[in-house]
Amino acid sequence: MRSLSNLCVAAAVGTLLVAAPIHAKTLRWASQGDVLTFDPYAQNESFNNTFNSYVYEALVQYDKKFEVVPQLATKWEQLSPTQWRFHLRPDVKFQEGEPLTADDVVFSINRQNSKRSMTKAYLAGVAEAKKVDDLTVDILTSGPAPVLLRQLTDVRIMSKAWCEKHNVVEVQDYLAKEETYAVGHANGTGPYVLKSREPDVKTVLEANPHWWGKMDGNVTEIVYTPIKSAATRTAALLSGEIDFVLDPPLQDLPKLKSDPNIKVIEGQENRTIFIGMDQKSDELKYSNVKGKNPFKDRRVREALYSGIDIETIKRTLMRGLSIPTGELITPQVYGYYAAANKRPAYDVNKAKALLKEAGYPNGFEVTLDCPNDRYINDALICQALTSMWAKIGLKVNLDAMPKAQYFAKINKRDTSLYMLGWAVATFDAQDAFLSLVHTPDGKGAGEYNDGAYSNPKMDALIDAMKSEADVKKRLDMIHEALMLHTQDIAHLMLHQQIIPWAMRKNITVTHSADNRLRVWWVHVNDASARQ
Amino acid sequence: MPAFILQRFVQAIVVMLVVALVAFSLFQYVGDPVQLMLGQFATPDDRIRLTHDLGLDQPFYVQFYHFIVNAVHGQFGVSLRIGKPVSVLLAQRIPATLELSISAAILALVVGIPAGVYAGLRPNSWPARTALSLSLLGVSLPTFLIGILLILIFAVKLGLLPAFGRGEVVSLGGWTTGLLTRSGLRSLILPTITLGLFQLTLIMRLVRSEMLEVLRTDYIKFARARGLSERAINFGHALKNTLVPVITITGLQLGSIIAFSIITEQVFQWPGMGLLFIQAVSYVDIPVMAAYLCLIALVFVTINLIVDLLYYVVDPRLRIDRPGAAGH
């Protein structure tokens with residue numbers, strides 16, 4: 001009975017969507033980078049993951065508040081702390097007609113966890129996936145996994161039969177001479193079907209007429225064009241050649257806002273920007289202080305923190321588009337604790353006094369490493385910091401470089417003072433702690449703790465939250481760890497980024513804190529505004 | 001003549017080997033593609049494995065050796081950014097770059113030479129003075145600024161021409177051309193002007209000064225004394241004698257147009273080789289960077305060869321066998 005009504009709904013939705021092209025709604029949009037590949041496991045790049053989510057779906061997804069809701073799984077239960085059971089949506093078909101079964105899910109998880117997969121990280125802690133029956137899958141984890149559901153939002157499901165047919169059971173080998181079929185072809189269960197793809201020119205997707213779901217938005221065709229030059233992106237939006245820009249340059253915002261055909265919406269990103277300090281070496285690599293490491297002294301860290309005039313950075317460099325913060329994570333992330341959001345007031349005299357007390361009455365010299373193409377106005381912020389810290393007596397040399405070189409350098413811990421920004425992909429504080437705050441152990445923990453901050457009490461808290469099944473207790477641990485991070489001044493927190501999206505007046509979108517455009521929520525309205 | 005070509009051929013190979021070697025020694029400093037491919041949550045083991053699989057943990061001369069061996073077999077590897085074979089990617093991009101470069105070169109020659117001749121013949125007339133002062137702008141304004149200004153005027157303000165892209169293209173046996181569609185031609189206009197403007201002004205100024213010089217020489221005076229028509233003097237004698245430096249510069253500039261179309265291609269999102277290269281640099285796509293640099297070296301070497309051969313055609317002195325030369 002139930003499946004019959006499902007069928008009816010599916011048929012009705014199907015008819016609606018088939019009829020839709022008559023009122024075709026095309027969304028033409030642009031951002032700086034291009035889609036890299038349609039093999040969902042062959043690259044782990046945020047924009048690429050976004051684009052693949054139009055075609056490929058996961059067991060679960062986020063709703064507008066970043067709560068986990070059903071996608072290909074209709075419901076799930078935890079049989080034991082390490083065993084999760086997922087019930088698949090019946091009557092789901094891949095775009096080329098194959099029905100979705102538990103075999104596809106097991107196959108996809110194995111494929112994503114295979115040797116050459118670039119997206120293995122989303123399955124961290126997953127030991128095995130097992131088929132129970134055609135529409136039931138068990139996922140076994142190697143220990144308690146409180147963030148498993150959030151990880152699974154980026155575990156996309158492919159068709160086993162399709163992968164076998166096209167010889168793409170293995171993820172692409174970048175040393176091979178040929179591309180694989182999955183690079184330029186896609187067969188998911190999602191709301192959009194890949195129609196054509198020309199790298200660096202355009203990628204076209206069409207609504208999937210047989211999709212099981214019902215769309216909030218009304219876009220029937222997506223035309224994506226990468227436009228690398230920021231000024232050209234703005235121009236193309238102004239001239240009406242595109243409808244939406246994901247990354248309009250800050251300096252163009254006043255111009256865009258003053259145009260009657262354009263609107264700009266601003267939303268908070270789940271990313272904080274901060275400065276890290278080498279707190280491990282016995283002597284800083286890039287400094288004139290010999291024989292000791294000033295950043296091991298909390299007073300020095302506080303002095304640098306007090307010397308940052310964050311409101312000026314917000315007003316002048318960020319043009320108001322930032323929220324100064326003292327906390328490691330943003331309010332959008334699970335575990336956020338308002339009490340831990342504290343930063344010392346801007347106070348040059350106090351900073352000088354602290355430095356004097358710590359034994360550096362004349363300051364010292366140190367190099368600040370900084371990316372110049374990664375975060376909003378990254379190098380400019382660092383430039384401002386060098387002059388602010390000059391006022392408290394430090395001589396800070398700035399070394400700014402493109403991200404491709406920057407991350408290779410700081411991830412080797414070849415730095416004394418560095419800038420980093422962090423968006424918590426799973427929207428759970430645990431991941432920020434594990435990557436940024438835990439003592440580096442060479443096995444994944446503290447992988448981006450490039451200053452090697454280390455506090456045994458903190459490590460104990462992080463290890464505990466990783467395996468705590470009790471939600472309330474775990475939340476308390478997160479709060480305690482956040483307080484400790486703030487008190488220790490493990491990082492000099494700067495701000496949370498605010499991300500502007502720019503579009504023609506007739507476009508309605510839902511801003512997402514992970515900076516992903518979810519096209520199924522987009523409305524293209526009939527507008528005489530479009531030229 | 002065949003010996004000359006053979007010698008140039010050997011030189012070309014040496015040049016390209018050197019370019020590849022320099023490129024590979026620089027790739028040590030361009031960054032780490034593994035970071036970008038695996039994203040921020042990868043484990044150290046995954047990073048080490050991928051670095052090893054890609055051969056990036058080997059010293060650069062080993063990587064260079066592998067590159068040369070593969071290149072000799074016509075293999076340039078797979079792009080780390082978009083997973084397609086580099087040779088296929090370059091082949092797809094060549095038409096866009098060549099169409100743009102050649103239209104820019106034609107624009108530069110077709111406008112630059114007549115304007116230069118005119119300015120040389122009537123150096124004090126107002127059109128010549130105006131052209132000369134405008135040409136200063138063309139020489140001094142950076143390409144990206146010209147591009148953005150043109151976009152602002154013709155795409156945003158007037159809405160006449162597209163701001164980016166190549167428009168619709170037609171595929172003729174693997175060669176995609178935008179020359180056969182209206183939107184393709186419209187898309188070509190702004191990038192062509194942007195890319196060609198510098199060369200145009202350069203050629204105009206060059207032809208002008210060469211003309212001024214040649215017109216002062218004795219044989220022009222003799223030609224006038226013989227009562228030849230102005231037309232024969234100006235074009236048959238004067239212009240022809242200015243052509244050797246013009247051909248040299250134009251030839252070398254054609255190489256630069258192709259090589260430095262990078263900026264124009266980036267401003268207009270023109271899907272040519274330059275855009276491919278600039279994307280490769282920001283993604284540390286080493287196979288694409290290596291192949292592109294070698295290809296550009298090949299273009300320069302080939303153009304130089306053609307320029308040398310053209311000298312023979314326009315300058316009769318070079319065609320004279322010089323058996324007596326040894327006697328000097």
# chains A, B, ... in the order shown; residues from 1 in each chain; ligands from 1
>>> closest_atom_pairs(of="chain B", to="chain A", cutoff="7 Å", atoms="only C-alpha atoms", output="CSV")
residue,atom,partner,partner_atom,distance
B:Val30,CA,A:Gln405,CA,5.9
B:Gly31,CA,A:Gln405,CA,3.9
B:Asp32,CA,A:Ala408,CA,5.6
B:Leu36,CA,A:Glu45,CA,6.9
B:Met37,CA,A:Gln43,CA,5.1
B:Leu38,CA,A:Met118,CA,5.0
B:Gly39,CA,A:Asn44,CA,5.0
B:Phe41,CA,A:Ala121,CA,5.5
B:Ala42,CA,A:Ala121,CA,5.3
B:Thr43,CA,A:Gly444,CA,4.9
B:Pro44,CA,A:Gly444,CA,6.0
B:Leu54,CA,A:Leu175,CA,6.4
B:Gly77,CA,A:Lys177,CA,5.4
B:Val78,CA,A:Tyr174,CA,5.9
B:Leu80,CA,A:Tyr174,CA,6.4
B:Arg81,CA,A:Leu36,CA,6.0
B:Ile82,CA,A:Leu36,CA,4.7
B:Gly83,CA,A:Glu179,CA,5.8
B:Lys84,CA,A:Glu179,CA,4.9
B:Pro85,CA,A:Glu178,CA,5.8
B:Leu152,CA,A:Ala235,CA,6.7
B:Ala155,CA,A:Ser239,CA,6.1
B:Val156,CA,A:Ser239,CA,4.6
B:Gly159,CA,A:Ser239,CA,6.4
B:Ala163,CA,A:Ala236,CA,5.7
B:Gln266,CA,A:Ser229,CA,6.1
B:Val267,CA,A:Ser229,CA,5.4
B:Phe268,CA,A:Thr232,CA,6.9
B:Gln269,CA,A:Ile227,CA,5.6
B:Pro271,CA,A:Val201,CA,6.1
B:Ser282,CA,A:Ala404,CA,6.5
B:Tyr283,CA,A:Ala404,CA,6.7
B:Val284,CA,A:Ala404,CA,6.6
>>> write_last_selection(atoms="C-alpha atoms", output="short mmCIF file (atom, residue, chain, number, x, y, z; two decimals), in the first residue's frame")
data_model
loop_
_atom_site.label_atom_id
_atom_site.label_comp_id
_atom_site.auth_asym_id
_atom_site.auth_seq_id
_atom_site.Cartn_x
_atom_site.Cartn_y
_atom_site.Cartn_z
CA VAL B 30 55.76 25.65 -6.98
CA GLY B 31 53.99 23.86 -4.16
CA ASP B 32 52.34 20.59 -3.40
CA LEU B 36 45.00 20.20 -3.04
CA MET B 37 43.95 16.77 -4.25
CA LEU B 38 43.37 15.18 -0.87
CA GLY B 39 41.80 18.10 0.92
CA PHE B 41 41.15 15.91 6.28
CA ALA B 42 43.52 13.43 4.70
CA THR B 43 45.70 11.31 6.92
CA PRO B 44 49.50 11.59 6.76
CA LEU B 54 52.97 10.55 -8.24
CA GLY B 77 50.75 12.10 -18.42
CA VAL B 78 47.39 12.99 -16.96
CA LEU B 80 46.29 16.28 -11.83
CA ARG B 81 43.58 18.91 -11.88
CA ILE B 82 41.02 17.54 -14.34
CA GLY B 83 42.15 13.96 -14.83
CA LYS B 84 42.42 14.14 -18.62
CA PRO B 85 45.55 13.34 -20.66
CA LEU B 152 33.46 47.70 -18.95
CA ALA B 155 29.90 44.58 -22.33
CA VAL B 156 28.66 46.34 -19.21
CA GLY B 159 25.88 45.67 -23.79
CA ALA B 163 32.36 39.88 -21.52
CA GLN B 266 42.52 34.89 -18.17
CA VAL B 267 40.72 38.24 -18.35
CA PHE B 268 38.26 36.97 -20.98
CA GLN B 269 38.07 33.37 -19.73
CA PRO B 271 39.61 28.65 -23.19
CA SER B 282 47.35 27.57 -9.21
CA TYR B 283 46.68 23.84 -8.85
CA VAL B 284 50.36 22.76 -9.12
#
>>> residues_around(residues="A:Leu394", least_positions_apart="3", cutoff="10 Å", atoms="only C-alpha atoms", output="ChimeraX atom specification")
/A:304,352,355,360-366,386-391,397
>>> residues_around(residues="stretch 126-133 of chain B", least_positions_apart="4", cutoff="12 Å", atoms="only C-alpha atoms", output="PDB file with N, CA and C atoms, in the first residue's frame")
ATOM      1  N   VAL B 111      46.502  47.075 -39.449  1.00  0.00           N
ATOM      2  CA  VAL B 111      46.361  48.469 -39.023  1.00  0.00           C
ATOM      3  C   VAL B 111      47.730  49.106 -38.801  1.00  0.00           C
ATOM      4  N   GLY B 112      48.639  48.352 -38.237  1.00  0.00           N
ATOM      5  CA  GLY B 112      49.927  48.910 -37.828  1.00  0.00           C
ATOM      6  C   GLY B 112      50.796  49.359 -38.996  1.00  0.00           C
ATOM      7  N   PRO B 114      50.042  50.131 -42.381  1.00  0.00           N
ATOM      8  CA  PRO B 114      49.580  51.347 -43.083  1.00  0.00           C
ATOM      9  C   PRO B 114      49.679  52.591 -42.196  1.00  0.00           C
ATOM     10  N   ALA B 115      49.326  52.453 -40.922  1.00  0.00           N
ATOM     11  CA  ALA B 115      49.401  53.622 -40.045  1.00  0.00           C
ATOM     12  C   ALA B 115      50.844  54.082 -39.910  1.00  0.00           C
ATOM     13  N   GLY B 116      51.756  53.138 -39.820  1.00  0.00           N
ATOM     14  CA  GLY B 116      53.167  53.474 -39.699  1.00  0.00           C
ATOM     15  C   GLY B 116      53.688  54.152 -40.961  1.00  0.00           C
ATOM     16  N   VAL B 117      53.281  53.617 -42.111  1.00  0.00           N
ATOM     17  CA  VAL B 117      53.713  54.208 -43.386  1.00  0.00           C
ATOM     18  C   VAL B 117      53.194  55.636 -43.481  1.00  0.00           C
ATOM     19  N   TYR B 118      51.930  55.802 -43.142  1.00  0.00           N
ATOM     20  CA  TYR B 118      51.330  57.134 -43.221  1.00  0.00           C
ATOM     21  C   TYR B 118      52.067  58.099 -42.301  1.00  0.00           C
ATOM     22  N   ALA B 119      52.302  57.637 -41.076  1.00  0.00           N
ATOM     23  CA  ALA B 119      52.970  58.512 -40.112  1.00  0.00           C
ATOM     24  C   ALA B 119      54.394  58.798 -40.535  1.00  0.00           C
ATOM     25  N   GLY B 120      54.997  57.872 -41.281  1.00  0.00           N
ATOM     26  CA  GLY B 120      56.350  58.103 -41.765  1.00  0.00           C
ATOM     27  C   GLY B 120      56.371  59.099 -42.910  1.00  0.00           C
ATOM     28  N   LEU B 121      55.347  59.019 -43.772  1.00  0.00           N
ATOM     29  CA  LEU B 121      55.313  59.895 -44.946  1.00  0.00           C
ATOM     30  C   LEU B 121      54.885  61.309 -44.577  1.00  0.00           C
ATOM     31  N   ARG B 122      53.920  61.404 -43.671  1.00  0.00           N
ATOM     32  CA  ARG B 122      53.439  62.734 -43.269  1.00  0.00           C
ATOM     33  C   ARG B 122      53.623  62.895 -41.760  1.00  0.00           C
ATOM     34  N   LEU B 137      49.767  55.112 -25.354  1.00  0.00           N
ATOM     35  CA  LEU B 137      48.854  54.419 -24.440  1.00  0.00           C
ATOM     36  C   LEU B 137      48.933  52.914 -24.646  1.00  0.00           C
ATOM     37  N   GLY B 138      48.902  52.521 -25.921  1.00  0.00           N
ATOM     38  CA  GLY B 138      48.926  51.101 -26.242  1.00  0.00           C
ATOM     39  C   GLY B 138      50.186  50.435 -25.734  1.00  0.00           C
ATOM     40  N   VAL B 139      51.292  51.148 -25.800  1.00  0.00           N
ATOM     41  CA  VAL B 139      52.551  50.556 -25.356  1.00  0.00           C
ATOM     42  C   VAL B 139      52.621  50.507 -23.836  1.00  0.00           C
ATOM     43  N   SER B 140      52.036  51.520 -23.196  1.00  0.00           N
ATOM     44  CA  SER B 140      52.285  51.619 -21.756  1.00  0.00           C
ATOM     45  C   SER B 140      51.197  50.991 -20.878  1.00  0.00           C
ATOM     46  N   LEU B 200      50.229  46.201 -32.256  1.00  0.00           N
ATOM     47  CA  LEU B 200      49.826  47.179 -33.267  1.00  0.00           C
ATOM     48  C   LEU B 200      50.634  48.459 -33.104  1.00  0.00           C
ATOM     49  N   THR B 201      50.670  48.961 -31.887  1.00  0.00           N
ATOM     50  CA  THR B 201      51.369  50.224 -31.675  1.00  0.00           C
ATOM     51  C   THR B 201      52.865  50.045 -31.879  1.00  0.00           C
ATOM     52  N   LEU B 202      53.355  48.884 -31.466  1.00  0.00           N
ATOM     53  CA  LEU B 202      54.785  48.630 -31.647  1.00  0.00           C
ATOM     54  C   LEU B 202      55.147  48.639 -33.127  1.00  0.00           C
ATOM     55  N   ILE B 203      54.355  47.936 -33.932  1.00  0.00           N
ATOM     56  CA  ILE B 203      54.641  47.847 -35.368  1.00  0.00           C
ATOM     57  C   ILE B 203      54.491  49.215 -36.019  1.00  0.00           C
ATOM     58  N   MET B 204      53.472  49.933 -35.622  1.00  0.00           N
ATOM     59  CA  MET B 204      53.268  51.257 -36.202  1.00  0.00           C
ATOM     60  C   MET B 204      54.470  52.160 -35.939  1.00  0.00           C
ATOM     61  N   ARG B 205      54.933  52.166 -34.710  1.00  0.00           N
ATOM     62  CA  ARG B 205      56.067  53.028 -34.365  1.00  0.00           C
ATOM     63  C   ARG B 205      57.336  52.568 -35.070  1.00  0.00           C
ATOM     64  N   LEU B 206      57.473  51.268 -35.205  1.00  0.00           N
ATOM     65  CA  LEU B 206      58.659  50.727 -35.857  1.00  0.00           C
ATOM     66  C   LEU B 206      58.682  51.097 -37.337  1.00  0.00           C
ATOM     67  N   VAL B 207      57.536  50.852 -38.012  1.00  0.00           N
ATOM     68  CA  VAL B 207      57.455  51.149 -39.445  1.00  0.00           C
ATOM     69  C   VAL B 207      57.692  52.637 -39.664  1.00  0.00           C
ATOM     70  N   ARG B 208      57.109  53.456 -38.827  1.00  0.00           N
ATOM     71  CA  ARG B 208      57.257  54.899 -38.966  1.00  0.00           C
ATOM     72  C   ARG B 208      58.733  55.300 -38.890  1.00  0.00           C
ATOM     73  N   SER B 209      59.419  54.839 -37.862  1.00  0.00           N
ATOM     74  CA  SER B 209      60.807  55.296 -37.731  1.00  0.00           C
ATOM     75  C   SER B 209      61.683  54.724 -38.836  1.00  0.00           C
TER      76      SER B 209
END
>>> select_by_dssp(residues="stretch 63-184 of chain B", states="strand (DSSP E or B)", output="MDAnalysis selection string")
chainID B and resid 78 85 170:172 175:177
>>> atom_distance(atom1="atom CA of A:Trp520", atom2="atom CA of A:Glu67")
17.0 Å
>>> residues_around(residues="A:His166", least_positions_apart="3", cutoff="7 Å", atoms="only C-alpha atoms", output="PyMOL selection string")
chain A and resi 162-163+181
>>> write_last_selection(atoms="N, CA and C atoms", output="PDB file, in the first residue's frame")
ATOM      1  N   TRP A 162      26.981   0.167 -13.063  1.00  0.00           N
ATOM      2  CA  TRP A 162      27.493   1.178 -13.992  1.00  0.00           C
ATOM      3  C   TRP A 162      29.020   1.241 -13.926  1.00  0.00           C
ATOM      4  N   CYS A 163      29.553   1.220 -12.696  1.00  0.00           N
ATOM      5  CA  CYS A 163      31.002   1.290 -12.527  1.00  0.00           C
ATOM      6  C   CYS A 163      31.675   0.072 -13.146  1.00  0.00           C
ATOM      7  N   TYR A 181      36.345   6.742 -17.592  1.00  0.00           N
ATOM      8  CA  TYR A 181      35.004   7.108 -18.040  1.00  0.00           C
ATOM      9  C   TYR A 181      34.328   8.046 -17.048  1.00  0.00           C
TER      10      TYR A 181
END
>>> residues_around(residues="A:Pro81", least_positions_apart="3", cutoff="10 Å", atoms="only C-alpha atoms", output="count of residues only")
12
>>> closest_residue(among="B:Thr143, B:Thr264, B:Ser25, B:Ser187", to="B:Ile278", atoms="only C-alpha atoms")
B:Thr264
>>> atom_distance(atom1="atom CA of B:Ile262", atom2="atom CA of B:Phe277")
7.6 Å
>>> select_by_dssp(residues="stretch 62-208 of chain B", states="alpha helix (DSSP H)", output="PyMOL selection string")
chain B and resi 62-72+86-121+126-140+143-150+182-208
